[in-house]
file upload-v4.tsv (TSV, C-alpha atoms)
chain	number	residue	atom	x	y	z
A	28	MET	CA	-7.87	-5.72	-25.24
A	29	ARG	CA	-10.18	-5.54	-22.25
A	30	TYR	CA	-8.74	-5.37	-18.74
A	31	PHE	CA	-10.66	-5.84	-15.49
A	32	LEU	CA	-8.74	-4.65	-12.43
A	33	ILE	CA	-9.52	-4.83	-8.70
A	34	ALA	CA	-7.84	-2.60	-6.10
A	35	GLY	CA	-9.40	-2.38	-2.65
A	36	GLU	CA	-7.45	0.43	-0.99
A	37	ALA	CA	-5.53	3.66	-1.61
A	38	SER	CA	-2.12	2.11	-2.28
A	39	GLY	CA	-3.70	-0.39	-4.67
A	40	ASP	CA	-5.43	2.47	-6.49
A	41	LEU	CA	-2.05	4.16	-6.97
A	42	HIS	CA	-0.24	1.08	-8.23
A	43	ALA	CA	-3.14	-0.04	-10.42
A	44	SER	CA	-3.40	3.41	-12.01
A	45	ASN	CA	0.30	3.28	-12.90
A	46	LEU	CA	-0.21	-0.16	-14.42
A	47	MET	CA	-3.18	1.11	-16.45
A	48	HIS	CA	-1.05	4.01	-17.67
A	49	GLU	CA	1.59	1.58	-18.91
A	50	LEU	CA	-0.97	-0.81	-20.42
A	51	LYS	CA	-2.26	2.03	-22.58
A	52	LYS	CA	1.25	2.53	-23.93
A	53	VAL	CA	1.60	-1.07	-25.12
A	54	ASP	CA	-2.07	-1.48	-26.08
A	55	VAL	CA	-3.56	1.64	-27.66
A	56	LEU	CA	-6.99	-0.04	-27.80
A	57	ALA	CA	-7.00	-0.91	-24.08
A	58	GLU	CA	-10.42	-0.81	-22.37
A	59	PHE	CA	-10.75	-0.82	-18.60
A	60	CYS	CA	-13.40	-1.81	-16.10
A	61	PHE	CA	-12.42	-1.80	-12.45
A	62	LEU	CA	-12.99	-1.62	-8.73
A	63	GLY	CA	-10.67	1.07	-7.46
A	64	GLY	CA	-10.30	4.77	-6.83
A	65	ASP	CA	-9.87	8.24	-8.24
A	66	LEU	CA	-6.40	7.62	-9.66
A	67	MET	CA	-7.64	4.66	-11.67
A	68	GLN	CA	-10.66	6.69	-12.78
A	69	ALA	CA	-8.28	9.33	-14.13
A	70	GLN	CA	-6.84	6.70	-16.48
A	71	GLY	CA	-10.26	6.11	-18.01
A	72	GLY	CA	-12.72	3.25	-18.14
A	73	LYS	CA	-15.70	2.26	-16.03
A	74	MET	CA	-15.55	2.21	-12.23
A	75	VAL	CA	-17.85	-0.40	-10.71
A	76	ILE	CA	-17.17	0.28	-7.01
A	77	HIS	CA	-14.95	2.83	-5.28
A	78	TYR	CA	-12.54	1.33	-2.78
A	79	ARG	CA	-14.04	3.57	-0.07
A	80	GLU	CA	-17.02	1.21	-0.12
A	81	MET	CA	-14.71	-1.79	0.30
A	82	ALA	CA	-12.15	-0.68	2.91
A	83	TYR	CA	-13.23	-2.77	5.88
A	84	MET	CA	-10.55	-4.16	8.16
A	85	GLY	CA	-10.79	-6.39	11.19
A	86	PHE	CA	-13.16	-9.27	11.87
A	87	VAL	CA	-15.75	-7.25	13.81
A	88	THR	CA	-15.96	-4.46	11.21
A	89	VAL	CA	-16.29	-6.92	8.35
A	90	LEU	CA	-19.02	-8.74	10.26
A	91	LYS	CA	-20.93	-5.50	10.81
A	92	ASN	CA	-20.74	-4.70	7.09
A	93	LEU	CA	-21.26	-8.22	5.82
A	94	ARG	CA	-24.24	-7.26	3.68
A	95	THR	CA	-22.19	-4.60	1.88
A	96	VAL	CA	-19.25	-6.99	1.45
A	97	PHE	CA	-21.45	-9.62	-0.19
A	98	ARG	CA	-23.15	-7.00	-2.36
A	99	ASN	CA	-19.74	-5.78	-3.56
A	100	ILE	CA	-18.68	-9.32	-4.41
A	101	ASN	CA	-21.90	-9.92	-6.33
A	102	ASP	CA	-21.65	-6.58	-8.19
A	103	CYS	CA	-18.07	-7.42	-9.13
A	104	LYS	CA	-19.09	-10.82	-10.52
A	105	ILE	CA	-21.86	-9.24	-12.57
A	106	ALA	CA	-19.46	-6.61	-13.92
A	107	ILE	CA	-16.94	-9.26	-15.01
A	108	SER	CA	-19.66	-11.32	-16.67
A	109	THR	CA	-20.92	-8.24	-18.53
A	110	PHE	CA	-17.52	-6.82	-19.47
A	111	GLN	CA	-16.06	-10.16	-20.63
A	112	PRO	CA	-12.42	-9.13	-20.16
A	113	ASP	CA	-9.37	-10.63	-21.83
A	114	VAL	CA	-7.70	-10.73	-18.42
A	115	VAL	CA	-8.55	-10.08	-14.77
A	116	ILE	CA	-5.80	-8.31	-12.82
A	117	LEU	CA	-5.89	-8.44	-9.03
A	118	ILE	CA	-3.94	-6.00	-6.85
A	119	ASP	CA	-3.24	-7.32	-3.30
A	120	TYR	CA	-6.52	-7.27	-1.22
A	121	PRO	CA	-6.67	-11.09	-0.91
A	122	GLY	CA	-9.84	-11.60	1.14
A	123	PHE	CA	-11.91	-10.17	-1.71
A	124	ASN	CA	-9.69	-10.91	-4.70
A	125	LEU	CA	-9.20	-14.63	-4.13
A	126	ARG	CA	-12.99	-15.05	-4.02
A	127	ILE	CA	-13.21	-13.34	-7.39
A	128	ALA	CA	-10.32	-15.40	-8.77
A	129	ARG	CA	-12.20	-18.57	-7.89
A	130	PHE	CA	-15.36	-17.26	-9.54
A	131	VAL	CA	-13.52	-16.39	-12.78
A	132	LYS	CA	-11.69	-19.70	-13.06
A	133	GLU	CA	-14.83	-21.72	-12.34
A	134	LYS	CA	-17.16	-19.80	-14.63
A	135	PHE	CA	-14.81	-18.51	-17.35
A	136	LYS	CA	-11.99	-21.04	-17.59
A	137	LYS	CA	-10.34	-19.28	-20.55
A	138	ILE	CA	-10.04	-15.84	-18.89
A	139	PRO	CA	-6.56	-15.62	-17.33
A	140	VAL	CA	-6.27	-14.28	-13.80
A	141	HIS	CA	-3.09	-12.35	-13.02
A	142	TYR	CA	-1.99	-11.05	-9.63
A	143	TYR	CA	0.05	-7.84	-9.46
A	144	ILE	CA	1.39	-7.29	-5.93
A	145	SER	CA	1.17	-10.57	-4.08
A	146	PRO	CA	-0.88	-10.88	-0.90
A	147	LYS	CA	1.49	-10.96	2.06
A	148	ILE	CA	0.93	-14.65	2.73
A	149	TRP	CA	4.60	-14.91	3.65
A	150	ALA	CA	3.67	-12.90	6.76
A	151	TRP	CA	0.38	-14.54	7.70
A	152	LYS	CA	-2.42	-16.73	6.35
A	153	GLU	CA	0.05	-18.88	4.44
A	154	TYR	CA	-2.78	-21.33	3.76
A	155	ARG	CA	-3.95	-18.98	1.01
A	156	ILE	CA	-1.24	-20.50	-1.18
A	157	ARG	CA	-3.73	-23.28	-1.99
A	158	ASP	CA	-6.14	-20.84	-3.65
A	159	ILE	CA	-3.33	-18.97	-5.36
A	160	LYS	CA	-1.97	-22.16	-6.94
A	161	LYS	CA	-5.47	-23.20	-7.96
A	162	TYR	CA	-6.91	-19.96	-9.32
A	163	ILE	CA	-4.02	-17.66	-10.29
A	164	ASP	CA	-2.41	-18.06	-13.71
A	165	LYS	CA	0.46	-15.62	-13.21
A	166	MET	CA	1.84	-13.87	-10.13
A	167	PHE	CA	3.93	-10.71	-10.49
A	168	THR	CA	5.76	-10.03	-7.23
A	169	ILE	CA	7.26	-6.80	-5.89
A	170	PHE	CA	9.72	-8.05	-3.27
A	171	PRO	CA	12.78	-10.15	-4.17
A	172	PHE	CA	12.33	-12.53	-1.22
A	173	GLU	CA	8.87	-13.53	-2.47
A	174	THR	CA	10.46	-15.60	-5.24
A	175	GLU	CA	12.11	-17.82	-2.64
A	176	PHE	CA	8.90	-18.08	-0.63
A	177	TYR	CA	6.79	-19.21	-3.57
A	178	LYS	CA	9.48	-21.58	-4.80
A	179	LYS	CA	9.12	-23.39	-1.48
A	180	HIS	CA	5.49	-23.97	-2.46
A	181	ASN	CA	6.32	-25.06	-6.02
A	182	PHE	CA	4.70	-22.00	-7.56
A	183	GLN	CA	6.67	-19.97	-10.07
A	184	VAL	CA	6.36	-16.20	-9.82
A	185	GLU	CA	8.04	-13.30	-11.57
A	186	TYR	CA	9.69	-10.42	-9.72
A	187	VAL	CA	9.03	-7.20	-11.65
A	188	GLY	CA	10.46	-4.63	-9.25
A	189	ASN	CA	8.70	-2.55	-6.63
A	190	PRO	CA	6.00	-0.04	-7.65
A	191	SER	CA	6.87	2.22	-4.72
A	192	VAL	CA	10.23	2.77	-6.37
A	193	ASP	CA	8.33	3.90	-9.48
A	194	SER	CA	6.01	6.21	-7.55
A	195	VAL	CA	8.76	7.80	-5.47
A	196	SER	CA	11.09	8.21	-8.44
A	197	ALA	CA	8.38	9.96	-10.46
A	198	ARG	CA	6.93	12.00	-7.60
A	199	PRO	CA	6.14	15.66	-8.31
A	200	ASN	CA	7.84	18.76	-6.91
A	201	GLN	CA	11.11	17.06	-6.05
A	202	GLN	CA	12.98	20.35	-6.49
A	203	GLN	CA	10.53	22.26	-4.30
A	204	THR	CA	12.20	24.13	-1.43
A	205	PHE	CA	11.06	23.84	2.15
A	206	GLU	CA	10.15	27.53	2.10
A	207	ASP	CA	7.94	27.06	-0.97
A	208	PHE	CA	6.27	24.04	0.59
A	209	CYS	CA	5.48	25.98	3.77
A	210	GLN	CA	4.22	29.00	1.87
A	211	ARG	CA	1.99	26.90	-0.37
A	212	ASN	CA	0.38	25.20	2.62
A	213	HIS	CA	0.25	28.21	4.97
A	214	LEU	CA	2.70	26.67	7.43
A	215	THR	CA	5.25	28.34	9.66
A	216	GLU	CA	8.90	27.78	8.88
A	217	LYS	CA	9.50	25.59	11.92
A	218	PRO	CA	10.87	22.10	11.10
A	219	VAL	CA	8.09	19.59	10.43
A	220	ILE	CA	7.09	16.40	12.23
A	221	ALA	CA	4.92	14.52	9.74
A	222	LEU	CA	2.13	12.20	10.87
A	223	LEU	CA	0.96	9.48	8.47
A	224	ALA	CA	-1.90	7.73	10.24
A	225	GLY	CA	-3.11	5.40	7.47
A	226	SER	CA	-5.81	5.45	4.82
A	227	ARG	CA	-8.82	4.02	6.69
A	228	LYS	CA	-10.93	5.75	9.33
A	229	GLN	CA	-10.51	2.85	11.72
A	230	GLU	CA	-6.73	2.99	11.78
A	231	ILE	CA	-6.69	6.79	11.86
A	232	ALA	CA	-8.95	6.80	14.91
A	233	ALA	CA	-6.85	4.12	16.56
A	234	CYS	CA	-3.45	5.75	16.24
A	235	LEU	CA	-3.70	9.47	15.43
A	236	PRO	CA	-4.53	10.75	18.95
A	237	GLN	CA	-1.35	9.29	20.43
A	238	MET	CA	0.69	10.43	17.45
A	239	ILE	CA	-0.57	13.99	17.91
A	240	THR	CA	0.03	13.99	21.66
A	241	ALA	CA	3.60	12.77	21.25
A	242	ALA	CA	4.56	15.05	18.36
A	243	SER	CA	3.07	18.10	20.10
A	244	ARG	CA	5.65	17.72	22.89
A	245	PHE	CA	8.24	19.24	20.56
A	246	ALA	CA	7.49	22.96	20.79
A	247	ASP	CA	10.20	23.99	18.32
A	248	PHE	CA	8.59	21.89	15.58
A	249	GLN	CA	5.27	22.07	13.75
A	250	VAL	CA	3.08	18.99	13.47
A	251	VAL	CA	1.52	18.30	10.06
A	252	ILE	CA	-0.90	15.47	9.23
A	253	SER	CA	-0.97	13.76	5.84
A	254	GLY	CA	-4.60	13.56	4.73
A	255	ALA	CA	-5.61	10.25	3.16
A	256	PRO	CA	-7.58	10.10	-0.11
A	257	GLY	CA	-11.30	9.89	0.49
A	258	ILE	CA	-11.15	11.02	4.13
A	259	GLU	CA	-12.91	14.33	4.71
A	260	PRO	CA	-10.81	17.09	6.39
A	261	ASP	CA	-13.31	17.47	9.25
A	262	TYR	CA	-12.63	13.89	10.33
A	263	TYR	CA	-9.07	14.82	11.34
A	264	ASN	CA	-10.32	17.77	13.37
A	265	ILE	CA	-12.01	15.32	15.73
A	266	PHE	CA	-8.57	14.26	16.94
A	267	SER	CA	-6.63	17.53	16.81
A	268	GLY	CA	-9.14	19.36	19.01
A	269	GLN	CA	-8.21	22.96	19.80
A	270	GLN	CA	-4.69	22.62	18.39
A	271	LYS	CA	-5.88	23.07	14.78
A	272	ILE	CA	-3.11	20.92	13.36
A	273	PRO	CA	-2.77	21.41	9.59
A	274	VAL	CA	-3.89	18.53	7.39
A	275	ILE	CA	-2.39	18.41	3.89
A	276	PHE	CA	-4.00	16.40	1.10
A	277	ASN	CA	-2.50	15.15	-2.17
A	278	GLN	CA	1.03	16.06	-1.08
A	279	THR	CA	2.13	13.05	0.93
A	280	TYR	CA	5.47	12.68	-0.83
A	281	GLU	CA	6.20	16.39	-0.52
A	282	LEU	CA	5.36	16.30	3.18
A	283	ILE	CA	7.64	13.31	3.77
A	284	GLN	CA	10.43	14.94	1.79
A	285	HIS	CA	10.31	18.15	3.81
A	286	ALA	CA	9.75	16.57	7.22
A	287	ALA	CA	12.53	16.39	9.77
A	288	VAL	CA	11.05	13.09	10.99
A	289	ALA	CA	7.89	11.09	10.37
A	290	VAL	CA	5.62	8.97	12.55
A	291	VAL	CA	4.13	6.39	10.18
A	292	ASN	CA	1.36	3.85	10.60
A	293	SER	CA	2.61	0.50	9.31
A	294	GLY	CA	1.92	-0.04	5.61
A	295	THR	CA	3.24	0.96	2.20
A	296	ALA	CA	3.98	4.46	3.53
A	297	THR	CA	6.84	3.11	5.64
A	298	LEU	CA	8.65	1.95	2.51
A	299	GLU	CA	7.87	5.17	0.65
A	300	THR	CA	9.27	7.18	3.57
A	301	ALA	CA	12.46	5.12	3.44
A	302	LEU	CA	12.83	5.53	-0.32
A	303	ILE	CA	12.41	9.30	0.01
A	304	GLY	CA	14.98	9.27	2.80
A	305	THR	CA	13.22	10.63	5.88
A	306	SER	CA	13.89	9.09	9.30
A	307	GLN	CA	10.79	7.49	10.81
A	308	VAL	CA	9.27	5.54	13.65
A	309	VAL	CA	6.64	2.96	12.70
A	310	VAL	CA	3.52	2.53	14.82
A	311	TYR	CA	0.61	0.12	14.72
A	312	HIS	CA	-2.38	-0.16	17.03
A	313	VAL	CA	-3.42	-3.64	18.07
A	314	ARG	CA	-6.32	-4.43	20.36
A	315	PHE	CA	-5.59	-6.25	23.61
A	316	GLY	CA	-2.07	-4.78	23.77
A	317	LYS	CA	0.50	-7.05	25.39
A	318	LEU	CA	-1.56	-10.20	24.87
A	319	ALA	CA	-1.72	-9.52	21.12
A	320	TYR	CA	2.00	-8.77	21.08
A	321	LEU	CA	2.79	-12.12	22.69
A	322	ALA	CA	0.57	-13.86	20.15
A	323	LYS	CA	2.37	-12.13	17.28
A	324	ASN	CA	4.99	-14.84	16.94
A	325	ILE	CA	2.28	-17.44	16.61
A	326	VAL	CA	0.16	-15.58	14.04
A	327	LEU	CA	2.90	-13.87	12.02
A	328	LYS	CA	5.58	-15.69	10.06
A	329	THR	CA	7.87	-12.64	10.03
A	330	LYS	CA	9.87	-11.10	12.83
A	331	PHE	CA	8.90	-7.56	11.76
A	332	ILE	CA	5.74	-5.81	10.57
A	333	SER	CA	7.14	-2.83	8.64
A	334	LEU	CA	8.15	-3.33	5.02
A	335	VAL	CA	11.41	-1.51	5.70
A	336	ASN	CA	12.54	-4.05	8.28
A	337	ILE	CA	11.10	-7.03	6.40
A	338	ILE	CA	13.08	-6.17	3.27
A	339	ALA	CA	16.24	-5.42	5.25
A	340	ARG	CA	15.68	-8.55	7.38
A	341	LYS	CA	16.74	-6.59	10.44
A	342	GLU	CA	15.60	-3.64	12.51
A	343	VAL	CA	16.23	-0.46	10.57
A	344	VAL	CA	13.33	1.53	12.01
A	345	LYS	CA	11.78	1.13	15.43
A	346	GLU	CA	8.41	-0.60	15.47
A	347	LEU	CA	6.04	0.45	18.23
A	348	ILE	CA	3.14	-1.98	18.09
A	349	ALA	CA	0.48	-3.15	20.55
A	350	HIS	CA	1.48	-2.24	24.13
A	351	LEU	CA	4.71	-0.60	22.88
A	352	PHE	CA	2.65	2.00	21.01
A	353	THR	CA	2.60	4.66	23.72
A	354	VAL	CA	3.06	8.41	23.76
A	355	GLU	CA	6.27	8.14	25.77
A	356	ASN	CA	7.82	5.62	23.40
A	357	ILE	CA	6.97	7.78	20.38
A	358	VAL	CA	8.48	10.82	22.09
A	359	HIS	CA	11.64	8.84	22.84
A	360	GLU	CA	12.05	7.75	19.20
A	361	ILE	CA	11.37	11.21	17.81
A	362	SER	CA	14.01	12.59	20.19
A	363	ARG	CA	16.57	10.04	19.04
A	364	MET	CA	15.97	10.82	15.38
A	365	LEU	CA	16.09	14.57	15.94
A	366	PHE	CA	18.99	14.83	18.33
A	367	ASP	CA	21.13	11.69	17.93
A	368	GLU	CA	22.89	12.22	14.61
A	369	ASN	CA	24.58	8.79	14.65
A	370	TYR	CA	21.22	7.09	15.13
A	371	LYS	CA	19.69	9.03	12.26
A	372	GLN	CA	22.60	8.49	9.87
A	373	LYS	CA	22.66	4.75	10.52
A	374	MET	CA	18.98	4.59	9.55
A	375	LEU	CA	19.57	6.59	6.36
A	376	LYS	CA	22.50	4.35	5.42
A	377	GLU	CA	20.28	1.28	5.75
A	378	TYR	CA	17.69	2.99	3.53
A	379	LYS	CA	20.27	3.08	0.71
A	380	GLU	CA	20.78	-0.67	1.03
A	381	ILE	CA	17.04	-1.21	0.69
A	382	ARG	CA	16.96	0.87	-2.50
A	383	THR	CA	19.70	-1.33	-3.93
A	384	VAL	CA	17.84	-4.54	-3.03
A	385	LEU	CA	14.61	-3.38	-4.70
A	386	GLY	CA	16.31	-2.45	-7.97
A	387	GLU	CA	15.47	0.11	-10.61
A	388	ALA	CA	12.13	1.75	-11.32
A	389	GLY	CA	9.87	0.30	-14.01
A	390	ALA	CA	7.70	-2.28	-12.21
A	391	ALA	CA	4.44	-1.14	-13.84
A	392	GLN	CA	6.06	-0.91	-17.26
A	393	ARG	CA	7.55	-4.40	-17.03
A	394	THR	CA	4.28	-5.88	-15.73
A	395	ALA	CA	2.17	-4.25	-18.47
A	396	LYS	CA	4.48	-5.61	-21.15
A	397	LYS	CA	4.43	-9.13	-19.72
A	398	ILE	CA	0.64	-9.19	-19.27
A	399	THR	CA	-0.01	-8.20	-22.89
A	400	GLU	CA	2.59	-10.67	-24.15
A	401	ILE	CA	0.96	-13.51	-22.20
A	402	ILE	CA	-2.52	-12.63	-23.52
A	403	LEU	CA	-1.32	-12.45	-27.11
A	404	LYS	CA	0.55	-15.72	-26.76
A	405	GLY	CA	-2.58	-17.35	-25.34
A	406	ASP	CA	-4.69	-16.01	-28.22
A	407	LYS	CA	-2.23	-17.45	-30.76
A	408	LEU	CA	-2.27	-20.88	-29.09
A	409	GLN	CA	-6.07	-20.85	-29.00
A	410	HIS	CA	-6.16	-19.93	-32.69
A	411	ILE	CA	-3.81	-22.82	-33.54
A	412	GLU	CA	-5.90	-25.27	-31.51
A	413	ASN	CA	-9.05	-24.15	-33.32
call {"tool": "encode", "arguments": {"input": "upload-v4.tsv", "output": "structure tokens"}}
result
Amino acid sequence: MRYFLIAGEASGDLHASNLMHELKKVDVLAEFCFLGGDLMQAQGGKMVIHYREMAYMGFVTVLKNLRTVFRNINDCKIAISTFQPDVVILIDYPGFNLRIARFVKEKFKKIPVHYYISPKIWAWKEYRIRDIKKYIDKMFTIFPFETEFYKKHNFQVEYVGNPSVDSVSARPNQQQTFEDFCQRNHLTEKPVIALLAGSRKQEIAACLPQMITAASRFADFQVVISGAPGIEPDYYNIFSGQQKIPVIFNQTYELIQHAAVAVVNSGTATLETALIGTSQVVVYHVRFGKLAYLAKNIVLKTKFISLVNIIARKEVVKELIAHLFTVENIVHEISRMLFDENYKQKMLKEYKEIRTVLGEAGAAQRTAKKITEIILKGDKLQHIEN
């Protein structure tokens, strides 16, 4: 069968590549065409657009790149029309993907549109439920509470488990020692403070300088930056200046595992850090500081922004957002995690509860099996009708 997938960022590339890997197991004749990244490319098929050309966030940035955005949408439509897939599979990235879902359902009524990893409409832009109900045939969710949310809107979804559980469970070098990690990456043997500043240049520029300044206050520790896929090493040097802070690529999980603490920009990495079991403080830059923070309760439907706290439904990790995202606040949280053992152990205990809530690994495997079953069932019904 022919599968068209769309992932618009690094985490989507990871989860989509795992899904493609599992689809090939249940469908040996699987053909892929996609918008995504290097990990998806490694699974085979034709890449139409790399997510680096799609990763625009924020109203102003999107407006500045509007011509590219529209070109990407048009190229995607042409690719779908040419490829004629048996199914279109969308991975998060709702601003783009819901446009494509509408196009597919209006032009090719018989091509099913499946969503793997629901847009976070339970947090904001809940109005998108209208398009989801209208254009999405099947929604595979990755958080247990999403079932309840969609039920409220009379839309049946299927919880398949969380792909971060899959990725973390299958991560490489789990038996690697701290000494080996340091030697491999030319680090000293001081304990590590890991900085995960996000996957887009905008968010890196917005939060990395303060992260570096705060972490550098701890002279008995070495600061190490996790390099994001598609971001050139020289870009990080802009923010580290004369300090020459090491930047490590393609070893995010290893870095988290060996770090004493981590400072993490809000996103999927916060959940991955929790699943690996490293204490963390979550940060997120918001323009207009305190004003934006006060407006948060109006715009957001959730009390928290980090996946860790959202899943736990309480504060497990400290969130420093908007005007709370300051060097002094980061320093305070790092100090608590490093030197207050009770504080650290309470956080790690809550992590274990989150692992239990999310369930066992196998999200990609379960989703691949269900997608192929639905397509085959649809083909049989169509054959009977004909």
call {"tool": "atom_distance", "arguments": {"input": "upload-v4.tsv", "atom1": "CA of Phe182 (chain A)", "atom2": "CA of Met67 (chain A)"}}
result
29.7 Å
call {"tool": "residues_around", "arguments": {"input": "upload-v4.tsv", "residues": "Ala241 (chain A)", "least_positions_apart": "5", "cutoff": "10 Å", "atoms": "all atoms listed in the file", "output": "ChimeraX atom specification"}}
result
/A:235-236,250,290,353-359,361
call {"tool": "residues_near_point", "arguments": {"input": "upload-v4.tsv", "point": "(4.5, 24.9, 2.3)", "cutoff": "12 Å", "atoms": "only C-alpha atoms", "output": "PyMOL selection string"}}
result
chain A and resi 200+203-219+249+251+273-275+278+281-282+284-286
call {"tool": "atom_distance", "arguments": {"input": "upload-v4.tsv", "atom1": "CA of Thr399 (chain A)", "atom2": "CA of Lys137 (chain A)"}}
result
15.3 Å
call {"tool": "closest_residue", "arguments": {"input": "upload-v4.tsv", "among": "A:Ala197, A:Pro146, A:Ile401, A:Thr394", "to": "Glu185 (chain A)", "atoms": "only C-alpha atoms"}}
result
A:Thr394
call {"tool": "residues_around", "arguments": {"input": "upload-v4.tsv", "residues": "Glu49 (chain A)", "least_positions_apart": "6", "cutoff": "8 Å", "atoms": "all atoms listed in the file", "output": "compact mmCIF listing (two decimals) with C-alpha atoms, keeping the file's coordinate frame"}}
result
# COMPACT_ATOMS: atom_id res chain seq x y z
CA ALA A 391 4.44 -1.14 -13.84
CA GLN A 392 6.06 -0.91 -17.26
CA ALA A 395 2.17 -4.25 -18.47
call {"tool": "atom_distance", "arguments": {"input": "upload-v4.tsv", "atom1": "CA of Cys60 (chain A)", "atom2": "CA of Met74 (chain A)"}}
result
6.0 Å
call {"tool": "residues_around", "arguments": {"input": "upload-v4.tsv", "residues": "region 229-234 of chain A", "least_positions_apart": "4", "cutoff": "8 Å", "atoms": "only C-alpha atoms", "output": "PyMOL selection string"}}
result
chain A and resi 84+224-225+238+266+292+310-312
call {"tool": "write_last_selection", "arguments": {"input": "upload-v4.tsv", "atoms": "C-alpha atoms", "output": "PDB file, keeping the file's coordinate frame"}}
result
ATOM      1  CA  MET A  84     -10.550  -4.160   8.160  1.00  0.00           C
ATOM      2  CA  ALA A 224      -1.900   7.730  10.240  1.00  0.00           C
ATOM      3  CA  GLY A 225      -3.110   5.400   7.470  1.00  0.00           C
ATOM      4  CA  MET A 238       0.690  10.430  17.450  1.00  0.00           C
ATOM      5  CA  PHE A 266      -8.570  14.260  16.940  1.00  0.00           C
ATOM      6  CA  ASN A 292       1.360   3.850  10.600  1.00  0.00           C
ATOM      7  CA  VAL A 310       3.520   2.530  14.820  1.00  0.00           C
ATOM      8  CA  TYR A 311       0.610   0.120  14.720  1.00  0.00           C
ATOM      9  CA  HIS A 312      -2.380  -0.160  17.030  1.00  0.00           C
TER      10      HIS A 312
END
call {"tool": "closest_residue", "arguments": {"input": "upload-v4.tsv", "among": "A:Glu153, A:Asp158, A:Glu133, A:Glu259", "to": "Arg79 (chain A)", "atoms": "all atoms listed in the file"}}
result
A:Glu259
call {"tool": "closest_residue", "arguments": {"input": "upload-v4.tsv", "among": "A:Ile303, A:Ile105, A:Ala242, A:Ile144", "to": "Val195 (chain A)", "atoms": "only C-alpha atoms"}}
result
A:Ile303
call {"tool": "closest_residue", "arguments": {"input": "upload-v4.tsv", "among": "A:Leu66, A:Ala349, A:Ile265, A:Met364", "to": "Ser306 (chain A)", "atoms": "all atoms listed in the file"}}
result
A:Met364
call {"tool": "residues_around", "arguments": {"input": "upload-v4.tsv", "residues": "region 120-129 of chain A", "least_positions_apart": "2", "cutoff": "7 Å", "atoms": "only C-alpha atoms", "output": "number ranges by chain"}}
result
A: 34-35, 117-118, 131-133, 140, 146, 158, 162-163
call {"tool": "residues_around", "arguments": {"input": "upload-v4.tsv", "residues": "Ile258 (chain A)", "least_positions_apart": "2", "cutoff": "8 Å", "atoms": "only C-alpha atoms", "output": "list in words"}}
result
Ser226, Arg227, Lys228, Gly254, Ala255, Pro256, Pro260 and Tyr262 of chain A
call {"tool": "write_last_selection", "arguments": {"input": "upload-v4.tsv", "atoms": "C-alpha atoms", "output": "compact mmCIF listing (two decimals), in the frame of the given file"}}
result
# COMPACT_ATOMS: atom_id res chain seq x y z
CA SER A 226 -5.81 5.45 4.82
CA ARG A 227 -8.82 4.02 6.69
CA LYS A 228 -10.93 5.75 9.33
CA GLY A 254 -4.60 13.56 4.73
CA ALA A 255 -5.61 10.25 3.16
CA PRO A 256 -7.58 10.10 -0.11
CA PRO A 260 -10.81 17.09 6.39
CA TYR A 262 -12.63 13.89 10.33
call {"tool": "closest_residue", "arguments": {"input": "upload-v4.tsv", "among": "A:Lys330, A:His350, A:Lys271, A:Lys345", "to": "Gln307 (chain A)", "atoms": "all atoms listed in the file"}}
result
A:Lys345
